[in-house]
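Visitor: This one is work38.txt, compact mmCIF, C-alpha atoms.
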# COMPACT_ATOMS: atom_id res chain seq x y z
CA MET A 117 55.41 2.74 88.20
CA PRO A 118 56.83 3.55 84.77
CA GLY A 119 60.35 2.26 84.13
CA VAL A 120 63.29 4.05 82.55
CA PHE A 121 62.52 2.56 79.13
CA ASP A 122 58.89 3.66 79.29
CA ARG A 123 60.02 7.18 80.13
CA LEU A 124 62.60 7.24 77.32
CA GLU A 125 60.05 5.89 74.86
CA LYS A 126 57.62 8.60 75.90
CA GLU A 127 60.29 11.27 75.52
CA ILE A 128 61.18 10.03 72.04
CA LYS A 129 57.51 10.05 71.06
CA VAL A 130 57.06 13.62 72.28
CA ARG A 131 60.22 14.69 70.45
CA GLN A 132 59.02 12.98 67.26
CA GLN A 133 55.71 14.80 67.41
CA GLN A 134 57.41 18.15 68.02
CA ASP A 135 60.16 17.73 65.45
CA GLY A 136 58.43 15.92 62.61
CA ILE A 137 58.35 17.23 59.07
CA THR A 138 55.54 19.34 57.66
CA ALA A 139 54.39 19.29 54.06
CA LEU A 140 55.93 22.74 53.61
CA ASP A 141 59.35 21.43 54.70
CA LEU A 142 59.18 19.03 51.76
CA VAL A 143 59.25 22.02 49.40
CA ASP A 144 62.75 22.95 50.57
CA LEU A 145 64.29 19.51 50.15
CA PRO A 146 66.52 18.68 47.17
CA PRO A 147 64.38 17.22 44.33
CA ALA A 148 65.61 13.64 44.77
CA LEU A 149 64.92 13.60 48.51
CA ARG A 150 61.54 15.20 48.01
CA LYS A 151 60.62 12.46 45.56
CA ILE A 152 61.72 9.83 48.03
CA MET A 153 59.80 11.44 50.86
CA ARG A 154 56.69 11.53 48.66
CA LEU A 155 57.17 7.89 47.80
CA MET A 156 57.64 7.05 51.47
CA LEU A 157 54.45 8.92 52.35
CA ARG A 158 52.62 6.68 49.90
CA GLU A 159 54.30 3.43 50.90
CA LEU A 160 54.27 4.36 54.62
CA GLN A 161 57.72 2.79 55.08
CA MET A 162 60.67 1.76 52.91
CA SER A 163 63.63 -0.51 53.46
CA TYR A 164 67.13 0.77 52.74
CA PRO A 165 67.56 -1.47 49.64
CA ARG A 166 64.18 -0.22 48.33
CA LEU A 167 65.33 3.40 48.86
CA ARG A 168 68.52 2.70 46.89
CA GLU A 169 66.45 1.12 44.14
CA ALA A 170 64.10 4.13 44.03
CA MET A 171 67.08 6.49 43.84
CA GLU A 172 68.63 4.54 40.97
CA SER A 173 65.40 4.75 39.00
CA MET A 174 65.46 8.56 39.09
CA PRO A 175 66.76 10.77 36.28
CA GLU A 176 70.54 11.07 36.42
CA THR A 177 70.40 14.80 37.10
CA ASP A 178 68.33 14.27 40.29
CA ARG A 179 70.05 11.12 41.51
CA LEU A 180 72.16 11.05 44.70
CA THR A 181 75.23 8.84 44.98
CA PRO A 182 75.04 6.10 47.66
CA ASP A 183 77.22 8.24 49.96
CA GLN A 184 75.03 11.31 49.42
CA LEU A 185 71.93 9.20 50.09
CA ASP A 186 73.41 7.85 53.33
CA ALA A 187 74.31 11.37 54.45
CA ALA A 188 70.83 12.65 53.60
CA LEU A 189 69.14 9.79 55.47
CA SER A 190 71.32 10.41 58.48
CA ASN A 191 70.55 14.13 58.38
CA LEU A 192 66.79 13.59 58.03
CA THR A 193 66.85 11.07 60.87
CA GLN A 194 68.73 13.47 63.16
CA GLN A 195 66.03 16.08 62.52
CA PHE A 196 63.36 13.47 63.37
CA TRP A 197 61.92 13.94 59.88
CA LEU A 198 62.52 10.24 59.36
CA THR A 199 62.46 7.45 61.88
CA HIS A 200 64.02 4.06 61.36
CA ILE A 201 64.03 0.60 62.77
CA GLY A 202 67.24 -1.40 62.37
CA GLU A 203 70.57 -0.26 60.96
CA GLY A 204 72.45 -0.31 57.65
CA GLU A 205 71.10 -2.57 54.93
CA LYS A 206 68.37 -3.83 57.25
CA ALA A 207 67.04 -0.41 58.20
CA ILE A 208 63.41 0.41 57.51
CA TYR A 209 62.62 4.12 57.22
CA LYS A 210 59.37 5.92 57.84
CA VAL A 211 58.39 9.58 57.41
CA ASN A 212 57.61 11.32 60.70
CA LEU A 213 54.97 14.01 60.16
CA ARG A 214 54.65 16.78 62.69
CA LYS A 215 51.44 16.66 64.69
CA LYS A 216 48.97 19.48 64.14
CA THR A 217 48.87 21.28 67.42
CA GLY A 218 45.57 21.75 69.17
CA SER A 219 43.83 25.04 69.75
CA THR A 220 45.51 27.53 72.02
CA LEU A 221 42.18 28.84 73.26
CA ALA A 222 41.84 28.81 77.02
CA ALA A 223 40.91 25.38 78.36
CA GLY A 224 37.83 26.87 80.01
CA ILE A 225 36.30 27.59 76.62
CA TRP A 226 36.55 23.94 75.62
CA SER A 227 35.23 22.59 78.89
CA SER A 228 32.32 25.01 78.71
CA LEU A 229 31.63 23.95 75.10
CA ASP A 230 31.86 20.28 76.12
CA THR A 231 29.40 20.83 78.94
CA LYS A 232 26.95 22.52 76.59
CA LEU A 233 27.30 19.78 73.97
CA LYS A 234 26.92 17.01 76.55
CA GLY A 235 23.72 18.66 77.69
CA LYS A 236 22.21 18.41 74.21
CA PRO A 237 20.09 15.26 73.86
CA LYS A 238 20.92 14.84 70.17
CA GLU A 239 22.72 16.85 67.54
CA MET B 59 52.54 0.57 47.00
CA SER B 60 49.00 0.03 45.81
CA ASN B 61 48.21 1.22 42.29
CA GLY B 62 45.24 3.27 43.43
CA LYS B 63 45.49 6.98 42.71
CA ILE B 64 44.87 9.75 45.19
CA VAL B 65 42.82 12.63 43.81
CA SER B 66 42.80 15.72 46.02
CA ILE B 67 40.13 18.29 45.36
CA HIS B 68 41.05 21.69 46.66
CA SER B 69 39.91 25.28 46.53
CA PHE B 70 41.63 28.29 48.02
CA ARG B 71 38.37 29.86 49.11
CA GLY B 72 35.11 28.47 50.45
CA GLY B 73 31.88 28.34 48.45
CA THR B 74 33.41 27.16 45.18
CA GLY B 75 31.27 23.99 45.13
CA LYS B 76 34.17 21.75 46.10
CA SER B 77 32.24 19.07 47.97
CA ASN B 78 29.48 18.97 45.36
CA THR B 79 32.00 18.59 42.59
CA THR B 80 34.01 15.96 44.49
CA ALA B 81 30.93 13.84 45.22
CA ASN B 82 29.63 14.06 41.65
CA LEU B 83 33.02 13.32 40.14
CA ALA B 84 33.60 10.34 42.43
CA ALA B 85 30.12 9.02 41.60
CA GLN B 86 30.67 9.41 37.86
CA ILE B 87 33.94 7.51 38.08
CA ALA B 88 32.27 4.76 40.13
CA LEU B 89 29.67 4.49 37.32
CA THR B 90 32.50 3.58 34.91
CA GLY B 91 33.13 0.47 37.02
CA LYS B 92 36.10 1.75 39.02
CA ARG B 93 36.47 1.19 42.75
CA VAL B 94 36.26 4.60 44.36
CA GLY B 95 36.60 6.00 47.87
CA VAL B 96 35.83 9.49 49.17
CA VAL B 97 37.48 10.67 52.38
CA ASP B 98 36.26 13.74 54.19
CA THR B 99 39.36 15.38 55.66
CA ASP B 100 37.44 18.59 56.27
CA ILE B 101 37.22 17.56 59.89
CA GLN B 102 36.37 20.98 61.25
CA SER B 103 33.44 21.55 58.87
CA PRO B 104 32.41 18.20 57.33
CA GLY B 105 29.64 18.16 54.76
CA ILE B 106 30.16 15.78 51.84
CA HIS B 107 28.20 12.99 53.60
CA VAL B 108 24.98 14.96 52.95
CA LEU B 109 25.41 14.53 49.19
CA PHE B 110 25.56 10.76 49.66
CA GLY B 111 22.39 10.76 51.77
CA LEU B 112 24.16 10.01 55.03
CA ASP B 113 22.90 11.57 58.24
CA GLU B 114 23.91 11.22 61.86
CA ASP B 115 21.59 8.23 62.40
CA LYS B 116 23.11 6.25 59.54
CA MET B 117 26.66 7.40 60.23
CA GLY B 118 28.63 4.76 62.08
CA LYS B 119 32.33 5.08 62.81
CA THR B 120 34.09 8.11 61.37
CA MET B 121 37.54 9.43 60.53
CA ASN B 122 37.52 11.05 63.98
CA ASP B 123 37.23 7.57 65.55
CA PHE B 124 40.11 6.38 63.39
CA LEU B 125 42.30 9.32 64.38
CA HIS B 126 41.60 8.59 68.04
CA GLY B 127 42.41 4.89 67.64
CA LYS B 128 38.80 3.84 68.23
CA ALA B 129 38.12 2.32 64.81
CA THR B 130 39.91 0.72 61.88
CA ILE B 131 39.65 2.02 58.33
CA LYS B 132 37.62 -1.11 57.44
CA GLU B 133 35.01 -0.13 60.02
CA ILE B 134 34.64 3.40 58.67
CA GLY B 135 33.96 2.75 54.98
CA PHE B 136 30.25 3.34 54.32
CA ASN B 137 29.23 1.40 51.23
CA ILE B 138 27.17 3.79 49.11
CA GLY B 139 26.43 1.11 46.50
CA GLU B 140 24.71 -1.05 49.12
CA ASN B 141 22.89 1.77 50.87
CA THR B 142 21.10 3.61 48.16
CA GLY B 143 17.70 3.23 46.57
CA GLY B 144 14.45 4.98 45.68
CA ASP B 145 14.18 7.21 42.66
CA GLU B 146 17.00 9.56 43.52
CA GLY B 147 19.96 10.19 41.27
CA ARG B 148 21.98 8.33 43.87
CA ALA B 149 19.99 5.16 43.12
CA LYS B 150 22.11 4.81 39.98
CA LEU B 151 25.00 3.93 42.27
CA LYS B 152 23.30 0.74 43.46
CA GLY B 153 25.76 -2.12 43.21
CA LYS B 154 28.66 0.20 42.38
CA ASN B 155 31.93 0.15 44.31
CA LEU B 156 31.85 3.48 46.07
CA TRP B 157 32.70 4.05 49.72
CA LEU B 158 32.50 7.15 51.84
CA PHE B 159 34.83 7.69 54.80
CA PRO B 160 32.98 10.44 56.64
CA ALA B 161 34.14 12.86 59.29
CA SER B 162 32.01 13.18 62.39
CA ILE B 163 29.23 15.75 62.53
CA ARG B 164 28.95 15.47 66.30
CA GLY B 165 29.89 18.75 67.94
CA ARG B 166 31.81 17.09 70.77
CA GLU B 167 34.00 15.15 68.35
CA ILE B 168 34.72 18.20 66.19
CA SER B 169 35.66 20.21 69.26
CA GLN B 170 37.90 17.36 70.45
CA ILE B 171 39.90 17.53 67.21
CA LEU B 172 40.16 21.31 67.40
CA ARG B 173 41.32 21.05 71.00
CA GLU B 174 43.78 18.18 70.66
CA GLY B 175 45.11 18.61 67.11
CA ILE B 176 45.67 15.92 64.50
CA ASP B 177 48.25 13.16 64.37
CA PHE B 178 49.29 13.42 60.72
CA ASN B 179 51.18 10.13 60.80
CA LYS B 180 47.90 8.49 61.71
CA LEU B 181 45.94 10.47 59.10
CA ASN B 182 48.39 9.53 56.35
CA GLU B 183 48.35 5.90 57.46
CA GLY B 184 44.55 6.05 57.17
CA LEU B 185 44.61 7.51 53.66
CA GLN B 186 47.07 4.93 52.37
CA SER B 187 45.32 2.01 54.10
CA THR B 188 42.02 3.08 52.60
CA ILE B 189 43.42 2.42 49.14
CA SER B 190 45.00 -0.93 50.02
CA GLU B 191 42.24 -2.32 52.23
CA PHE B 192 39.43 -1.45 49.83
CA ASN B 193 41.54 -2.13 46.76
CA LEU B 194 40.59 1.25 45.35
CA ASP B 195 41.36 2.58 41.89
CA TYR B 196 40.76 6.15 43.05
CA LEU B 197 40.63 7.80 46.45
CA PHE B 198 39.11 11.29 46.44
CA ILE B 199 40.07 13.61 49.27
CA ASP B 200 37.67 16.41 50.08
CA THR B 201 39.75 19.03 51.86
CA HIS B 202 39.05 22.13 53.91
CA PRO B 203 39.28 25.28 51.77
CA GLY B 204 42.42 27.38 51.98
CA LEU B 205 45.92 26.23 52.77
CA ASN B 206 46.25 24.40 56.04
CA GLU B 207 48.32 21.45 57.21
CA GLU B 208 45.75 18.79 56.25
CA THR B 209 45.41 20.27 52.79
CA LEU B 210 49.16 20.42 52.26
CA LEU B 211 49.52 16.79 53.33
CA SER B 212 46.83 15.73 50.88
CA ILE B 213 48.53 17.73 48.12
CA ALA B 214 51.93 16.23 48.97
CA THR B 215 50.62 12.71 48.77
CA SER B 216 48.33 13.02 45.74
CA ASP B 217 48.73 11.79 42.17
CA ILE B 218 46.12 14.18 40.86
CA LEU B 219 45.25 17.59 42.25
CA ILE B 220 42.14 19.36 41.01
CA ILE B 221 41.89 22.98 42.08
CA ILE B 222 38.40 24.41 41.83
CA LEU B 223 38.02 28.12 41.30
CA ARG B 224 35.43 30.64 40.29
CA PRO B 225 36.23 33.20 37.63
CA ASP B 226 36.73 35.78 40.38
CA ASN B 227 39.83 37.81 41.17
CA GLN B 228 40.06 36.63 44.79
CA ASP B 229 39.90 33.01 43.64
CA LEU B 230 42.44 33.62 40.90
CA GLN B 231 45.02 35.08 43.29
CA GLY B 232 44.57 32.28 45.82
CA THR B 233 44.74 29.65 43.12
CA SER B 234 48.05 31.06 41.99
CA VAL B 235 49.52 30.39 45.47
CA THR B 236 48.14 26.85 45.52
CA VAL B 237 49.47 26.11 42.03
CA ASP B 238 52.95 27.28 43.08
CA ILE B 239 52.92 25.03 46.13
CA ALA B 240 51.60 22.04 44.18
CA ARG B 241 54.37 22.47 41.64
CA SER B 242 56.97 22.72 44.42
CA LEU B 243 55.62 19.46 45.81
CA ASP B 244 55.94 17.69 42.44
CA VAL B 245 52.28 16.73 42.13
CA PRO B 246 52.28 14.65 38.92
CA ASN B 247 48.92 15.85 37.55
CA LEU B 248 47.73 19.36 38.24
CA PHE B 249 44.30 20.27 36.90
CA LEU B 250 42.05 23.30 37.25
CA LEU B 251 38.27 23.24 37.18
CA VAL B 252 36.29 26.46 36.86
CA ASN B 253 32.89 26.44 38.58
CA LYS B 254 30.06 28.96 38.82
CA ALA B 255 30.91 30.76 35.59
CA LEU B 256 28.20 33.19 34.52
CA PRO B 257 26.46 31.67 31.47
CA LYS B 258 26.60 34.99 29.60
CA TYR B 259 30.40 34.70 29.30
CA ASP B 260 32.33 32.88 26.61
CA PHE B 261 33.42 29.64 28.32
CA ALA B 262 36.08 28.88 25.71
CA LYS B 263 37.70 32.24 26.44
CA ILE B 264 37.54 31.65 30.21
CA ARG B 265 39.21 28.27 29.69
CA ASP B 266 41.97 29.72 27.49
CA ASP B 267 42.63 32.71 29.74
CA ILE B 268 42.93 30.64 32.91
CA GLN B 269 44.94 27.93 31.20
CA ASN B 270 47.41 30.53 29.95
CA GLN B 271 47.58 32.35 33.26
CA PHE B 272 48.48 29.23 35.25
CA ASN B 273 50.04 27.11 32.54
CA ALA B 274 47.87 24.24 33.73
CA GLN B 275 45.13 22.19 32.12
CA VAL B 276 41.60 23.50 32.68
CA THR B 277 39.47 20.35 32.69
CA GLY B 278 36.13 22.10 32.46
CA VAL B 279 34.12 25.27 32.94
CA LEU B 280 30.91 24.59 34.86
CA PRO B 281 28.11 27.15 34.70
CA LEU B 282 26.61 28.97 37.66
CA SER B 283 23.25 27.25 37.94
CA PHE B 284 20.05 28.03 39.82
CA ASP B 285 19.01 24.41 39.30
CA MET B 286 22.13 23.31 41.10
CA ALA B 287 21.40 25.76 43.93
CA GLU B 288 17.81 24.48 44.13
CA ASN B 289 19.10 20.93 44.50
CA ALA B 290 20.62 22.19 47.79
CA SER B 291 22.96 19.19 48.14
CA LYS B 292 19.94 16.88 48.51
CA ASP B 293 21.14 14.60 45.74
CA LEU B 294 23.99 14.02 43.32
CA PHE B 295 23.00 16.54 40.68
CA SER B 296 24.84 14.99 37.72
CA LEU B 297 23.14 11.65 38.36
CA ARG B 298 19.67 13.10 38.75
CA TYR B 299 19.91 15.55 35.85
CA PRO B 300 22.43 13.99 33.43
CA ASP B 301 21.35 16.18 30.51
CA HIS B 302 21.90 19.43 32.38
CA GLU B 303 24.76 21.62 31.12
CA TRP B 304 26.50 21.47 34.54
CA SER B 305 26.37 17.67 34.50
CA LYS B 306 27.62 17.35 30.95
CA SER B 307 30.57 19.64 31.69
CA LEU B 308 31.38 17.67 34.84
CA VAL B 309 31.35 14.36 32.96
CA GLY B 310 34.00 15.88 30.69
CA VAL B 311 36.35 16.06 33.70
CA VAL B 312 36.11 12.27 34.21
CA ASP B 313 38.20 11.63 31.08
CA PHE B 314 41.05 13.77 32.42
CA VAL B 315 41.07 11.85 35.70
CA LEU B 316 40.94 8.45 34.01
CA ALA B 317 43.69 9.39 31.55
CA ALA B 318 46.09 10.77 34.20
CA LYS B 319 49.20 8.62 34.69
I need this file expressed as structure tokens, please.

Guide:
Amino acid sequence: MPGVFDRLEKEIKVRQQQDGITALDLVDLPPALRKIMRLMLRELQMSYPRLREAMESMPETDRLTPDQLDAALSNLTQQFWLTHIGEGEKAIYKVNLRKKTGSTLAAGIWSSLDTKLKGKPKE
Amino acid sequence: MSNGKIVSIHSFRGGTGKSNTTANLAAQIALTGKRVGVVDTDIQSPGIHVLFGLDEDKMGKTMNDFLHGKATIKEIGFNIGENTGGDEGRAKLKGKNLWLFPASIRGREISQILREGIDFNKLNEGLQSTISEFNLDYLFIDTHPGLNEETLLSIATSDILIIILRPDNQDLQGTSVTVDIARSLDVPNLFLLVNKALPKYDFAKIRDDIQNQFNAQVTGVLPLSFDMAENASKDLFSLRYPDHEWSKSLVGVVDFVLAAK
């Protein structure tokens, strides 16, 4: 029987998949955050000190102050666009991409297609 | 982050010759000694494997298996350099570092993806791991035509985006949308490649007109070719017919890719 933690973990996972960021959402982010999100997509995850370092290497016009960066990270995390393990200096952030939803066609169509495809000896 | 570059090849409409161009370009770059990967993210209508001589019998694990947690990226990479021979153009790739990461051509597996959707966190993890695990210099992503979520993800994560278009008004309008989005996503290198241009036209004028219209580098203008159509994706055209006008124009694109920062 699943425990409370299993259930909570499952709920968080579902929420993450529903509330993740899409590539189009990146367009609307401030330039500095968009650059960081792009970098995070490439690196898969980034530690807080590495994020600060990346921010400091940006052109002055794009750069966020440490307080602005903290606020942005908190905001992105609340929206489930970022997930993190650990807190403060030890936090490791990861982009959470929204799952592409499956087809909304009636289930019967898929099961009928599956049956037909299973019946084929070889494609 | 690995130093390998992601090159997304995109077209707003189908039939532009995207997969053919991607496969030939990747092969030409592998011939220069670079380590190259090609991922088929066109999961709903995969096709680039045909150009590399891969059929269902030879195809092992696929991107579909990876997305469903049934295979690692290491298991999916099909080594073209070790699996080519005979007198085909592809034989020139023998011993080269070129891997294909195919999408499944089995109907059941395609329908499963359509039915269940795609975990983009997993897809992105796969793209990035491909570069690090195979120590690639370049990873080419063959995308589904048009703007969909997979395409946007590949654009968002790429270092180089090559948009293929025909000199056709429908293509031009669609390309304009894609260029706008790519610019909004800060893609560092945005290139255009014109394919299927009627040989009777002035290619220099086509290049200048399109370059001015989009304010983006046109890396080449490839002619519409019956020879290419006759090849029917049976082989890598630029390797089999290196002196053909289409091939020579395509080789010109290689320099742009190699020079991109």

Visitor: Chain A residues within 6 Å of chain B, counting only C-alpha atoms: which ones, as a list in words?

Guide: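 Listed by rising number, the hits are Ala139, Val143, Glu159, Leu213, Lys215, Lys216, Thr217, Gly218 and Ser219 of chain A.
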
Visitor: Give as a PDB file with C-alpha atoms, keeping the file's coordinate frame each residue that has an atom at most 6 Å from (26.5, 31.0, 36.3) in the file, counting all atoms listed in the file.

Guide:
ATOM      1  CA  LYS B 254      30.060  28.960  38.820  1.00  0.00           C
ATOM      2  CA  ALA B 255      30.910  30.760  35.590  1.00  0.00           C
ATOM      3  CA  LEU B 256      28.200  33.190  34.520  1.00  0.00           C
ATOM      4  CA  PRO B 257      26.460  31.670  31.470  1.00  0.00           C
ATOM      5  CA  PRO B 281      28.110  27.150  34.700  1.00  0.00           C
ATOM      6  CA  LEU B 282      26.610  28.970  37.660  1.00  0.00           C
ATOM      7  CA  SER B 283      23.250  27.250  37.940  1.00  0.00           C
TER       8      SER B 283
END

Visitor: So which residues touch Ile67 of chain B within 8 Å, counting all atoms listed in the file, skipping near sequence neighbours fewer than 6 positions away, as a PDB file with C-alpha atoms, in the coordinates of the input?

Guide:
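After the write, result-v4.pdb holds the following:
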ATOM      1  CA  LYS B  76      34.170  21.750  46.100  1.00  0.00           C
ATOM      2  CA  THR B  80      34.010  15.960  44.490  1.00  0.00           C
ATOM      3  CA  PHE B 198      39.110  11.290  46.440  1.00  0.00           C
ATOM      4  CA  ILE B 199      40.070  13.610  49.270  1.00  0.00           C
ATOM      5  CA  ASP B 200      37.670  16.410  50.080  1.00  0.00           C
ATOM      6  CA  THR B 201      39.750  19.030  51.860  1.00  0.00           C
ATOM      7  CA  LEU B 219      45.250  17.590  42.250  1.00  0.00           C
ATOM      8  CA  ILE B 220      42.140  19.360  41.010  1.00  0.00           C
ATOM      9  CA  ILE B 221      41.890  22.980  42.080  1.00  0.00           C
ATOM     10  CA  ILE B 222      38.400  24.410  41.830  1.00  0.00           C
TER      11      ILE B 222
END

Visitor: Need the shell around Asp293 of chain B: protein/DNA/RNA residues with any atom at most 9 Å away, counting all atoms listed in the file. Skip same-chain ones fewer than 4 positions apart. Format as a list in words?

Guide: Val108, Leu109, Phe110, Gly111, Glu146, Gly147, Arg148, Asn289, Leu297 and Arg298 of chain B

Visitor: Save the residues we just selected, C-alpha atoms, as an mmCIF file, keeping the file's coordinate frame?

Guide:
data_model
loop_
_atom_site.group_PDB
_atom_site.id
_atom_site.type_symbol
_atom_site.label_atom_id
_atom_site.label_comp_id
_atom_site.auth_asym_id
_atom_site.auth_seq_id
_atom_site.Cartn_x
_atom_site.Cartn_y
_atom_site.Cartn_z
ATOM 1 C CA VAL B 108 24.980 14.960 52.950
ATOM 2 C CA LEU B 109 25.410 14.530 49.190
ATOM 3 C CA PHE B 110 25.560 10.760 49.660
ATOM 4 C CA GLY B 111 22.390 10.760 51.770
ATOM 5 C CA GLU B 146 17.000 9.560 43.520
ATOM 6 C CA GLY B 147 19.960 10.190 41.270
ATOM 7 C CA ARG B 148 21.980 8.330 43.870
ATOM 8 C CA ASN B 289 19.100 20.930 44.500
ATOM 9 C CA LEU B 297 23.140 11.650 38.360
ATOM 10 C CA ARG B 298 19.670 13.100 38.750
#

Visitor: Hey, can you check how far atom CA of Arg166 of chain A sits from atom CA of Leu189 of chain A?

Guide: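 Atom CA of Leu189 of chain A lies at a distance of 13.3 Å from atom CA of Arg166 of chain A.
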
Visitor: Pick out the residues sitting within 12 Å of segment 270-276 of chain B, and hand them over as JSON, numbers by chain; count all atoms listed in the file, and ignore anything fewer than 6 positions along from it in its own chain.

Guide: {"B": [218, 219, 220, 221, 222, 223, 230, 231, 232, 233, 234, 235, 236, 237, 238, 240, 241, 246, 247, 248, 249, 250, 251, 252, 253, 261, 262, 263, 264, 307, 308, 310, 311, 314, 315, 318]}

Visitor: For the selection you just gave me, I'd like the residues written to a file as a PDB file, keeping the file's coordinate frame, keeping C-alpha atoms.

Guide:
ATOM      1  CA  ILE B 218      46.120  14.180  40.860  1.00  0.00           C
ATOM      2  CA  LEU B 219      45.250  17.590  42.250  1.00  0.00           C
ATOM      3  CA  ILE B 220      42.140  19.360  41.010  1.00  0.00           C
ATOM      4  CA  ILE B 221      41.890  22.980  42.080  1.00  0.00           C
ATOM      5  CA  ILE B 222      38.400  24.410  41.830  1.00  0.00           C
ATOM      6  CA  LEU B 223      38.020  28.120  41.300  1.00  0.00           C
ATOM      7  CA  LEU B 230      42.440  33.620  40.900  1.00  0.00           C
ATOM      8  CA  GLN B 231      45.020  35.080  43.290  1.00  0.00           C
ATOM      9  CA  GLY B 232      44.570  32.280  45.820  1.00  0.00           C
ATOM     10  CA  THR B 233      44.740  29.650  43.120  1.00  0.00           C
ATOM     11  CA  SER B 234      48.050  31.060  41.990  1.00  0.00           C
ATOM     12  CA  VAL B 235      49.520  30.390  45.470  1.00  0.00           C
ATOM     13  CA  THR B 236      48.140  26.850  45.520  1.00  0.00           C
ATOM     14  CA  VAL B 237      49.470  26.110  42.030  1.00  0.00           C
ATOM     15  CA  ASP B 238      52.950  27.280  43.080  1.00  0.00           C
ATOM     16  CA  ALA B 240      51.600  22.040  44.180  1.00  0.00           C
ATOM     17  CA  ARG B 241      54.370  22.470  41.640  1.00  0.00           C
ATOM     18  CA  PRO B 246      52.280  14.650  38.920  1.00  0.00           C
ATOM     19  CA  ASN B 247      48.920  15.850  37.550  1.00  0.00           C
ATOM     20  CA  LEU B 248      47.730  19.360  38.240  1.00  0.00           C
ATOM     21  CA  PHE B 249      44.300  20.270  36.900  1.00  0.00           C
ATOM     22  CA  LEU B 250      42.050  23.300  37.250  1.00  0.00           C
ATOM     23  CA  LEU B 251      38.270  23.240  37.180  1.00  0.00           C
ATOM     24  CA  VAL B 252      36.290  26.460  36.860  1.00  0.00           C
ATOM     25  CA  ASN B 253      32.890  26.440  38.580  1.00  0.00           C
ATOM     26  CA  PHE B 261      33.420  29.640  28.320  1.00  0.00           C
ATOM     27  CA  ALA B 262      36.080  28.880  25.710  1.00  0.00           C
ATOM     28  CA  LYS B 263      37.700  32.240  26.440  1.00  0.00           C
ATOM     29  CA  ILE B 264      37.540  31.650  30.210  1.00  0.00           C
ATOM     30  CA  SER B 307      30.570  19.640  31.690  1.00  0.00           C
ATOM     31  CA  LEU B 308      31.380  17.670  34.840  1.00  0.00           C
ATOM     32  CA  GLY B 310      34.000  15.880  30.690  1.00  0.00           C
ATOM     33  CA  VAL B 311      36.350  16.060  33.700  1.00  0.00           C
ATOM     34  CA  PHE B 314      41.050  13.770  32.420  1.00  0.00           C
ATOM     35  CA  VAL B 315      41.070  11.850  35.700  1.00  0.00           C
ATOM     36  CA  ALA B 318      46.090  10.770  34.200  1.00  0.00           C
TER      37      ALA B 318
END

Visitor: Can you pull out the residues contacting Val96 of chain B? Cut-off 9 Å, using only C-alpha atoms, and skip same-chain residues under 2 positions away; I want them as an mmCIF file with C-alpha atoms, in the frame of the given file.

Guide:
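Final output, part.cif:
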data_model
loop_
_atom_site.group_PDB
_atom_site.id
_atom_site.type_symbol
_atom_site.label_atom_id
_atom_site.label_comp_id
_atom_site.auth_asym_id
_atom_site.auth_seq_id
_atom_site.Cartn_x
_atom_site.Cartn_y
_atom_site.Cartn_z
ATOM 1 C CA THR B 80 34.010 15.960 44.490
ATOM 2 C CA ALA B 81 30.930 13.840 45.220
ATOM 3 C CA ALA B 84 33.600 10.340 42.430
ATOM 4 C CA VAL B 94 36.260 4.600 44.360
ATOM 5 C CA ASP B 98 36.260 13.740 54.190
ATOM 6 C CA ILE B 106 30.160 15.780 51.840
ATOM 7 C CA LEU B 156 31.850 3.480 46.070
ATOM 8 C CA TRP B 157 32.700 4.050 49.720
ATOM 9 C CA LEU B 158 32.500 7.150 51.840
ATOM 10 C CA PHE B 159 34.830 7.690 54.800
ATOM 11 C CA PRO B 160 32.980 10.440 56.640
ATOM 12 C CA TYR B 196 40.760 6.150 43.050
ATOM 13 C CA LEU B 197 40.630 7.800 46.450
ATOM 14 C CA PHE B 198 39.110 11.290 46.440
ATOM 15 C CA ILE B 199 40.070 13.610 49.270
ATOM 16 C CA ASP B 200 37.670 16.410 50.080
#

Visitor: Restricting the calculation to only C-alpha atoms: of B:Glu288, B:Asp100, B:Glu140, B:Asp260, which residue gets closest to Ile168 of chain B?

Guide: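 Residue with the minimum atom-to-atom distance to Ile168 of chain B: B:Asp100.
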